[in-house]
Structures are given as C-alpha cells and as structure tokens.
file data_31.tsv (TSV, C-alpha atoms)
chain	number	residue	atom	x	y	z
A	1150	MET	CA	94.45	139.39	113.15
A	1151	LYS	CA	96.24	137.88	116.14
A	1152	HIS	CA	93.47	135.33	116.65
A	1153	LEU	CA	93.48	134.48	112.93
A	1154	LEU	CA	97.21	133.79	112.93
A	1155	SER	CA	96.83	131.59	115.99
A	1156	LEU	CA	94.06	129.61	114.30
A	1157	ILE	CA	96.20	129.08	111.17
A	1158	ALA	CA	99.07	127.84	113.29
A	1159	VAL	CA	96.83	125.34	115.09
A	1160	LEU	CA	95.41	124.00	111.81
A	1161	ALA	CA	98.88	123.65	110.32
A	1162	LEU	CA	100.02	121.62	113.31
A	1163	ALA	CA	96.91	119.44	113.39
A	1164	SER	CA	97.17	118.42	109.74
A	1165	CYS	CA	100.58	118.84	108.10
A	1166	ILE	CA	100.38	119.55	104.37
A	1167	SER	CA	103.42	120.36	102.23
A	1168	ILE	CA	104.05	120.67	98.50
A	1169	ASN	CA	107.78	121.20	97.98
A	1170	SER	CA	109.37	120.89	101.41
A	1171	ASP	CA	110.07	118.31	104.08
A	1172	VAL	CA	107.70	117.68	106.99
A	1173	VAL	CA	109.19	117.18	110.46
A	1174	VAL	CA	107.21	116.25	113.56
A	1175	PRO	CA	109.34	116.86	116.69
A	1176	ASP	CA	109.77	114.28	119.44
A	1177	GLY	CA	106.68	113.74	121.52
A	1178	GLU	CA	104.33	115.80	119.32
A	1179	GLU	CA	100.86	114.77	118.06
A	1180	VAL	CA	99.31	115.66	114.67
A	1181	ASP	CA	96.26	114.50	112.69
A	1182	GLY	CA	97.77	113.52	109.33
A	1183	ILE	CA	100.60	114.31	106.94
A	1184	SER	CA	100.57	114.83	103.17
A	1185	SER	CA	103.44	115.94	100.93
A	1186	VAL	CA	104.30	115.93	97.23
A	1187	ASN	CA	108.03	116.63	96.98
A	1188	GLY	CA	109.39	116.16	100.45
A	1189	THR	CA	110.65	113.72	103.04
A	1190	VAL	CA	108.58	113.07	106.18
A	1191	ARG	CA	110.29	112.57	109.54
A	1192	ILE	CA	108.39	111.57	112.68
A	1193	GLY	CA	110.10	112.07	116.04
A	1194	VAL	CA	110.56	109.76	119.00
A	1195	ALA	CA	107.26	108.79	120.66
A	1196	SER	CA	105.31	111.11	118.34
A	1197	ILE	CA	101.76	110.30	117.24
A	1198	VAL	CA	100.19	110.80	113.82
A	1199	ASN	CA	96.44	110.32	114.17
A	1200	GLY	CA	96.01	109.62	110.49
A	1201	ASP	CA	97.90	108.54	107.40
A	1202	ILE	CA	101.26	109.67	106.04
A	1203	SER	CA	101.63	110.14	102.28
A	1204	THR	CA	104.17	111.64	99.95
A	1205	VAL	CA	105.03	111.22	96.26
A	1206	ASN	CA	108.70	112.05	95.83
A	1207	GLY	CA	110.24	111.55	99.23
A	1208	SER	CA	111.01	109.06	101.95
A	1209	VAL	CA	109.25	108.46	105.26
A	1210	PHE	CA	111.13	107.92	108.52
A	1211	THR	CA	109.51	107.29	111.89
A	1212	ALA	CA	111.59	107.14	115.05
A	1213	GLU	CA	111.26	104.60	117.84
A	1214	ARG	CA	108.01	104.30	119.79
A	1215	SER	CA	106.09	106.43	117.28
A	1216	GLN	CA	102.54	105.82	116.06
A	1217	ALA	CA	100.94	106.43	112.66
A	1218	GLY	CA	98.24	105.19	110.30
A	1219	GLU	CA	98.96	103.96	106.78
A	1220	ILE	CA	102.20	105.09	105.13
A	1221	GLU	CA	102.51	105.55	101.37
A	1222	THR	CA	105.06	106.98	98.96
A	1223	VAL	CA	105.90	106.49	95.30
A	1224	ASN	CA	109.58	107.36	94.98
A	1225	GLY	CA	111.23	106.90	98.35
A	1226	LYS	CA	112.09	104.50	101.12
A	1227	ILE	CA	110.11	103.82	104.30
A	1228	GLU	CA	111.88	103.22	107.61
A	1229	ILE	CA	109.94	102.43	110.77
A	1230	GLY	CA	111.65	102.76	114.14
A	1231	SER	CA	111.82	100.10	116.81
A	1232	GLU	CA	108.70	99.50	118.90
A	1233	SER	CA	106.67	101.78	116.65
A	1234	VAL	CA	103.07	101.10	115.64
A	1235	THR	CA	101.65	101.67	112.15
A	1236	GLN	CA	99.07	100.33	109.76
A	1237	GLY	CA	99.93	99.15	106.23
A	1238	MET	CA	102.76	100.68	104.20
A	1239	GLU	CA	103.57	100.77	100.50
A	1240	THR	CA	106.10	102.28	98.12
A	1241	ILE	CA	106.88	101.76	94.44
A	1242	ASN	CA	110.55	102.69	94.14
A	1243	GLY	CA	112.20	102.25	97.50
A	1244	ALA	CA	113.21	99.89	100.26
A	1245	ILE	CA	111.18	99.26	103.40
A	1246	GLN	CA	112.79	98.68	106.79
A	1247	ILE	CA	110.76	97.76	109.87
A	1248	GLY	CA	112.53	98.13	113.20
A	1249	GLU	CA	112.81	95.64	116.03
A	1250	GLY	CA	109.63	95.05	117.98
A	1251	ALA	CA	107.49	97.21	115.68
A	1252	LEU	CA	103.83	96.40	115.04
A	1253	VAL	CA	102.30	96.79	111.56
A	1254	ASP	CA	98.56	96.16	111.37
A	1255	GLY	CA	98.25	95.64	107.61
A	1256	ASP	CA	100.20	94.77	104.45
A	1257	VAL	CA	103.74	95.84	103.58
A	1258	GLY	CA	104.80	96.09	99.94
A	1259	THR	CA	107.24	97.54	97.43
A	1260	VAL	CA	107.86	97.01	93.73
A	1261	ASN	CA	111.52	97.99	93.42
A	1262	GLY	CA	113.31	97.57	96.72
A	1263	ARG	CA	114.22	95.31	99.59
A	1264	VAL	CA	111.95	94.68	102.57
A	1265	THR	CA	113.56	94.04	105.96
A	1266	VAL	CA	111.46	93.04	108.98
A	1267	GLY	CA	113.43	93.34	112.21
A	1268	ASP	CA	113.68	90.94	115.12
A	1269	GLY	CA	110.52	90.69	117.20
A	1270	ALA	CA	108.44	92.80	114.81
A	1271	ARG	CA	104.92	91.72	113.82
A	1272	VAL	CA	103.17	92.31	110.51
A	1273	SER	CA	99.56	91.11	110.48
A	1274	GLY	CA	99.22	91.05	106.70
A	1275	GLU	CA	101.26	90.21	103.62
A	1276	VAL	CA	104.90	91.22	103.13
A	1277	ARG	CA	105.73	91.49	99.43
A	1278	ALA	CA	108.34	92.70	96.97
A	1279	VAL	CA	108.47	92.32	93.21
A	1280	ASN	CA	112.07	93.25	92.42
A	1281	GLY	CA	113.81	92.98	95.76
A	1282	GLN	CA	114.68	90.55	98.52
A	1283	LEU	CA	112.51	89.81	101.54
A	1284	LEU	CA	114.62	89.59	104.71
A	1285	VAL	CA	112.77	88.51	107.85
A	1286	GLN	CA	114.99	88.66	110.92
A	1287	GLY	CA	113.11	86.64	113.51
A	1288	ALA	CA	109.76	88.40	113.08
A	1289	GLU	CA	106.14	87.25	112.76
A	1290	VAL	CA	104.32	87.96	109.48
A	1291	GLY	CA	101.01	87.01	107.93
A	1292	SER	CA	102.34	85.79	104.58
A	1293	LEU	CA	105.22	86.33	102.13
A	1294	LEU	CA	105.10	87.08	98.40
A	1295	ASN	CA	108.04	87.63	96.03
A	1296	VAL	CA	108.80	87.52	92.32
A	1297	ASN	CA	112.44	88.52	91.70
A	1298	GLY	CA	114.83	88.88	94.59
A	1299	GLY	CA	114.36	85.85	96.77
A	1300	MET	CA	113.88	85.52	100.52
A	1301	VAL	CA	115.90	84.94	103.68
A	1302	LEU	CA	114.04	83.80	106.80
A	1303	GLU	CA	116.31	84.02	109.81
A	1304	SER	CA	115.99	82.02	113.03
A	1305	GLY	CA	112.86	82.72	115.06
A	1306	THR	CA	110.71	83.77	112.10
A	1307	THR	CA	107.05	82.73	111.93
A	1308	VAL	CA	104.91	82.93	108.78
A	1309	ASN	CA	101.28	82.38	109.71
A	1310	GLY	CA	100.08	81.95	106.12
A	1311	GLU	CA	101.64	80.96	102.84
A	1312	LEU	CA	105.05	81.65	101.35
A	1313	ARG	CA	104.80	82.20	97.59
A	1314	VAL	CA	107.22	83.02	94.77
A	1315	ARG	CA	105.30	84.05	91.67
A	1316	LYS	CA	106.29	83.53	88.07
A	1317	PRO	CA	107.62	86.72	86.44
A	1318	ARG	CA	106.42	88.04	83.14
A	1319	GLY	CA	108.38	86.44	80.33
A	1320	SER	CA	111.06	83.85	81.07
A	1321	ASP	CA	112.15	82.90	84.58
A	1322	GLY	CA	115.82	83.72	84.08
A	1323	ASP	CA	118.22	82.51	86.75
A	1324	PRO	CA	116.73	80.85	89.83
A	1325	VAL	CA	116.13	83.06	92.85
A	1326	THR	CA	117.27	81.84	96.26
A	1327	VAL	CA	114.95	81.17	99.19
A	1328	GLU	CA	116.89	80.40	102.38
A	1329	ILE	CA	115.11	79.20	105.52
A	1330	HIS	CA	117.12	78.97	108.72
A	1331	ASP	CA	116.81	76.95	111.91
A	1332	ASN	CA	113.80	77.52	114.19
A	1333	VAL	CA	111.66	78.98	111.40
A	1334	ARG	CA	107.98	78.09	111.16
A	1335	VAL	CA	105.85	78.45	108.03
A	1336	VAL	CA	102.28	77.43	108.79
A	1337	GLY	CA	100.85	77.58	105.26
A	1338	PRO	CA	102.09	76.04	102.02
A	1339	LEU	CA	105.29	77.07	100.25
A	1340	VAL	CA	104.35	77.61	96.59
A	1341	PHE	CA	106.96	78.19	93.88
A	1342	GLU	CA	105.72	79.21	90.43
A	1343	ARG	CA	109.22	79.80	89.02
A	1344	SER	CA	112.65	78.20	89.32
A	1345	VAL	CA	114.21	78.65	92.77
A	1346	THR	CA	117.09	77.41	94.84
A	1347	LEU	CA	115.40	76.38	98.08
A	1348	ARG	CA	117.77	75.95	101.02
A	1349	VAL	CA	116.10	74.68	104.20
A	1350	HIS	CA	117.64	74.07	107.60
A	1351	GLU	CA	116.74	70.70	109.07
A	1352	GLY	CA	115.37	72.45	112.17
A	1353	ALA	CA	112.74	74.44	110.25
A	1354	GLU	CA	109.04	73.55	110.49
A	1355	LEU	CA	107.32	73.97	107.13
A	1356	GLY	CA	103.99	73.41	105.46
A	1357	GLU	CA	103.58	71.57	102.16
A	1358	ILE	CA	106.15	72.47	99.50
A	1359	GLU	CA	104.89	72.84	95.92
A	1360	GLY	CA	107.07	73.44	92.85
A	1361	ALA	CA	110.57	73.07	94.31
A	1362	GLU	CA	112.86	70.45	95.77
A	1363	PRO	CA	114.50	71.59	99.02
A	1364	GLU	CA	118.21	71.36	99.68
A	1365	TYR	CA	118.54	70.62	103.39
A	1366	PHE	CA	121.45	71.88	105.46
A	1367	ASN	CA	122.53	71.77	109.09
A	1368	ASP	CA	124.89	74.21	110.85
call {"tool": "encode", "arguments": {"input": "data_31.tsv", "output": "structure tokens"}}
result
Amino acid sequence: MKHLLSLIAVLALASCISINSDVVVPDGEEVDGISSVNGTVRIGVASIVNGDISTVNGSVFTAERSQAGEIETVNGKIEIGSESVTQGMETINGAIQIGEGALVDGDVGTVNGRVTVGDGARVSGEVRAVNGQLLVQGAEVGSLLNVNGGMVLESGTTVNGELRVRKPRGSDGDPVTVEIHDNVRVVGPLVFERSVTLRVHEGAELGEIEGAEPEYFND
C-alpha cells in the first residue's frame, strides 16, 4: 500500500489533472502537463510545464521565468510573466497579457478581451482580438489582426508581417482607432477592411497602406 500511494503521488505531480479546483505549481517545480475544467491554473517562478496548459472556466497565470507549452482556456484571462517562454495561447472570453521580455512561439488570440504585449517580448505568430484592443508596448510580433477594438503600437514595436483590421459582420458602426507611435516598424501591408481612424507618427516606418488615409502627427 505504501508503494502504491507513492506511485499515485508521483503520477499526480507529473501530470496535473483537476475537475473543480485550482491547480498550483510551486516555484521551481517541473510537471508534464496541466488540465482543469473549473479552476484557475497558477505556475510559479522559474517552474517548467513540459506540456500544455488547458482549462475551461478559469484563468491561467504564469510567473516570471517560467516555461510551458500551449495555453488554452474558454472563460478566463491569460497572464504570462516576464521572461517566460510559452507556445501559442488562446482564450474566448478573457484578456491576454504577455510580460516584458517573454517569448511566445506561436499565435496569440482572444475573442472578447484585450491583448497586451509587453516591452521586449516576442511573439512569432499572429496576435489577434475580435472584440478588444491590441496594445503592443515595444514588442516584436509576427502579424496583427483586429475587428472591433483598435490597436496601439507603442515606440519600439516591430510587426514582421501584415497589420489588418477586418470588416465586422453587419455594419461597421463607429470607426475604430489605430495609433502608431514613433520608431514603429511594420514590414508588411496595413490593410483596413472597415472604417478606421489611422493616426501615424511621422517617425514610423510602414508598409503599403490599403483602405485608410493616415493622419500624421509629431510629438
């Protein structure tokens, strides 16, 4: 019996599975993967998840210098600590916040929520939000996609692909605002399929603009 209990404890630590409770990985620990239904997931400082993190009704928080695979939830926010490393992340109803200097090897997306990419962070894939703003604070991303909510690209931001604002279902409604600050570089085209207010600093370096007339400003 003693050996059986020890084996169960090891398996529980290696792959964390929960139905109706939170999952917490202490600082500096290493596990294989995390799955929950009704619970929040918290990953400690410098902890490693050798697999994906998923929950349905709950948020996911990873502390600084942590590592994990893909992160998914349906009803909850996702917050990634500074200098952490993850693969793609997605939620339906919740904001996403990526800390300073973090590395995301994949896409980042939400339907209802804001996406914030911190200074010095890198996202290799697409950063998207349907009903929420995209705020890129001096980070490097693959591409940007938005429908309702607009975008703010702060100084030092690089977009290696396209920046696109898609047309919503039905009428456009009021224009959304896309604001591009000094020392921002967008390599690909800027494509606007709906009405926008496009404010561009004179010091920004942009690709071809389609579907909008920029309003230039200078600090």
call {"tool": "closest_residue", "arguments": {"input": "data_31.tsv", "among": "A:Val1290, A:Val1336, A:Val1172, A:Val1257", "to": "Ala1278 of chain A", "atoms": "all atoms listed in the file"}}
result
A:Val1257
call {"tool": "residues_around", "arguments": {"input": "data_31.tsv", "residues": "Gln1282 of chain A", "least_positions_apart": "4", "cutoff": "10 Å", "atoms": "all atoms listed in the file", "output": "ChimeraX atom specification"}}
result
/A:1244,1261-1265,1277-1278,1295-1301,1325-1327
call {"tool": "closest_residue", "arguments": {"input": "data_31.tsv", "among": "A:Thr1189, A:Ser1215, A:Thr1259, A:Ser1203", "to": "Gly1177 of chain A", "atoms": "only C-alpha atoms"}}
result
A:Ser1215
call {"tool": "atom_distance", "arguments": {"input": "data_31.tsv", "atom1": "atom CA of Tyr1365 of chain A", "atom2": "atom CA of Val1333 of chain A"}}
result
13.5 Å
call {"tool": "closest_residue", "arguments": {"input": "data_31.tsv", "among": "A:Ala1361, A:Ile1245, A:Val1253, A:Val1266", "to": "Gly1218 of chain A", "atoms": "only C-alpha atoms"}}
result
A:Val1253
call {"tool": "atom_distance", "arguments": {"input": "data_31.tsv", "atom1": "atom CA of Ser1170 of chain A", "atom2": "atom CA of Gly1255 of chain A"}}
result
28.3 Å
call {"tool": "decode", "arguments": {"input": "data_31.tsv", "residues": "segment 1200-1273 of chain A", "atoms": "C-alpha atoms", "output": "compact mmCIF listing (two decimals), in the first residue's frame"}}
result
# COMPACT_ATOMS: atom_id res chain seq x y z
CA GLY A 1200 3.33 20.07 -21.95
CA ASP A 1201 0.22 22.15 -22.50
CA ILE A 1202 -1.98 24.00 -20.02
CA SER A 1203 -5.75 23.91 -20.52
CA THR A 1204 -8.80 24.86 -18.53
CA VAL A 1205 -12.41 25.71 -19.38
CA ASN A 1206 -13.73 28.00 -16.67
CA GLY A 1207 -10.67 29.58 -15.15
CA SER A 1208 -7.70 31.82 -15.75
CA VAL A 1209 -4.06 30.91 -16.31
CA PHE A 1210 -1.20 32.78 -14.64
CA THR A 1211 2.48 32.00 -15.13
CA ALA A 1212 5.13 33.77 -13.07
CA GLU A 1213 8.40 35.19 -14.36
CA ARG A 1214 10.97 32.92 -15.99
CA SER A 1215 8.51 30.03 -16.28
CA GLN A 1216 8.16 27.65 -19.23
CA ALA A 1217 5.10 25.96 -20.72
CA GLY A 1218 3.64 24.61 -23.95
CA GLU A 1219 0.37 25.87 -25.44
CA ILE A 1220 -2.08 27.62 -23.11
CA GLU A 1221 -5.85 27.48 -23.66
CA THR A 1222 -8.95 28.49 -21.74
CA VAL A 1223 -12.52 29.37 -22.65
CA ASN A 1224 -13.74 31.65 -19.87
CA GLY A 1225 -10.74 33.28 -18.25
CA LYS A 1226 -7.76 35.53 -18.72
CA ILE A 1227 -4.19 34.51 -19.52
CA GLU A 1228 -1.24 36.33 -17.94
CA ILE A 1229 2.33 35.40 -18.80
CA GLY A 1230 5.16 36.59 -16.55
CA SER A 1231 8.24 38.47 -17.66
CA GLU A 1232 10.98 36.48 -19.40
CA SER A 1233 8.75 33.41 -19.57
CA VAL A 1234 8.64 31.05 -22.55
CA THR A 1235 5.46 29.52 -23.97
CA GLN A 1236 3.96 28.33 -27.22
CA GLY A 1237 0.65 29.66 -28.59
CA MET A 1238 -2.17 30.83 -26.31
CA GLU A 1239 -5.90 31.31 -26.82
CA THR A 1240 -8.99 32.26 -24.85
CA ILE A 1241 -12.56 33.11 -25.82
CA ASN A 1242 -13.76 35.35 -23.00
CA GLY A 1243 -10.78 36.97 -21.36
CA ALA A 1244 -7.85 39.31 -21.72
CA ILE A 1245 -4.31 38.21 -22.52
CA GLN A 1246 -1.26 39.89 -21.00
CA ILE A 1247 2.29 38.98 -22.03
CA GLY A 1248 5.04 40.18 -19.73
CA GLU A 1249 8.22 42.05 -20.60
CA GLY A 1250 10.84 40.01 -22.41
CA ALA A 1251 8.61 36.94 -22.75
CA LEU A 1252 8.89 34.61 -25.75
CA VAL A 1253 5.78 33.10 -27.38
CA ASP A 1254 6.47 30.62 -30.17
CA GLY A 1255 3.04 30.63 -31.81
CA ASP A 1256 -0.19 32.62 -32.19
CA VAL A 1257 -1.95 34.65 -29.50
CA GLY A 1258 -5.70 35.23 -29.71
CA THR A 1259 -8.89 36.13 -27.88
CA VAL A 1260 -12.45 36.88 -28.97
CA ASN A 1261 -13.67 39.07 -26.11
CA GLY A 1262 -10.78 40.78 -24.40
CA ARG A 1263 -7.74 42.99 -24.70
CA VAL A 1264 -4.30 41.70 -25.70
CA THR A 1265 -1.24 43.42 -24.22
CA VAL A 1266 2.27 42.50 -25.37
CA GLY A 1267 4.92 43.90 -23.04
CA ASP A 1268 8.15 45.68 -23.83
CA GLY A 1269 10.83 43.45 -25.33
CA ALA A 1270 8.51 40.45 -25.71
CA ARG A 1271 8.48 38.40 -28.92
CA VAL A 1272 5.53 36.60 -30.49
CA SER A 1273 6.47 34.58 -33.56
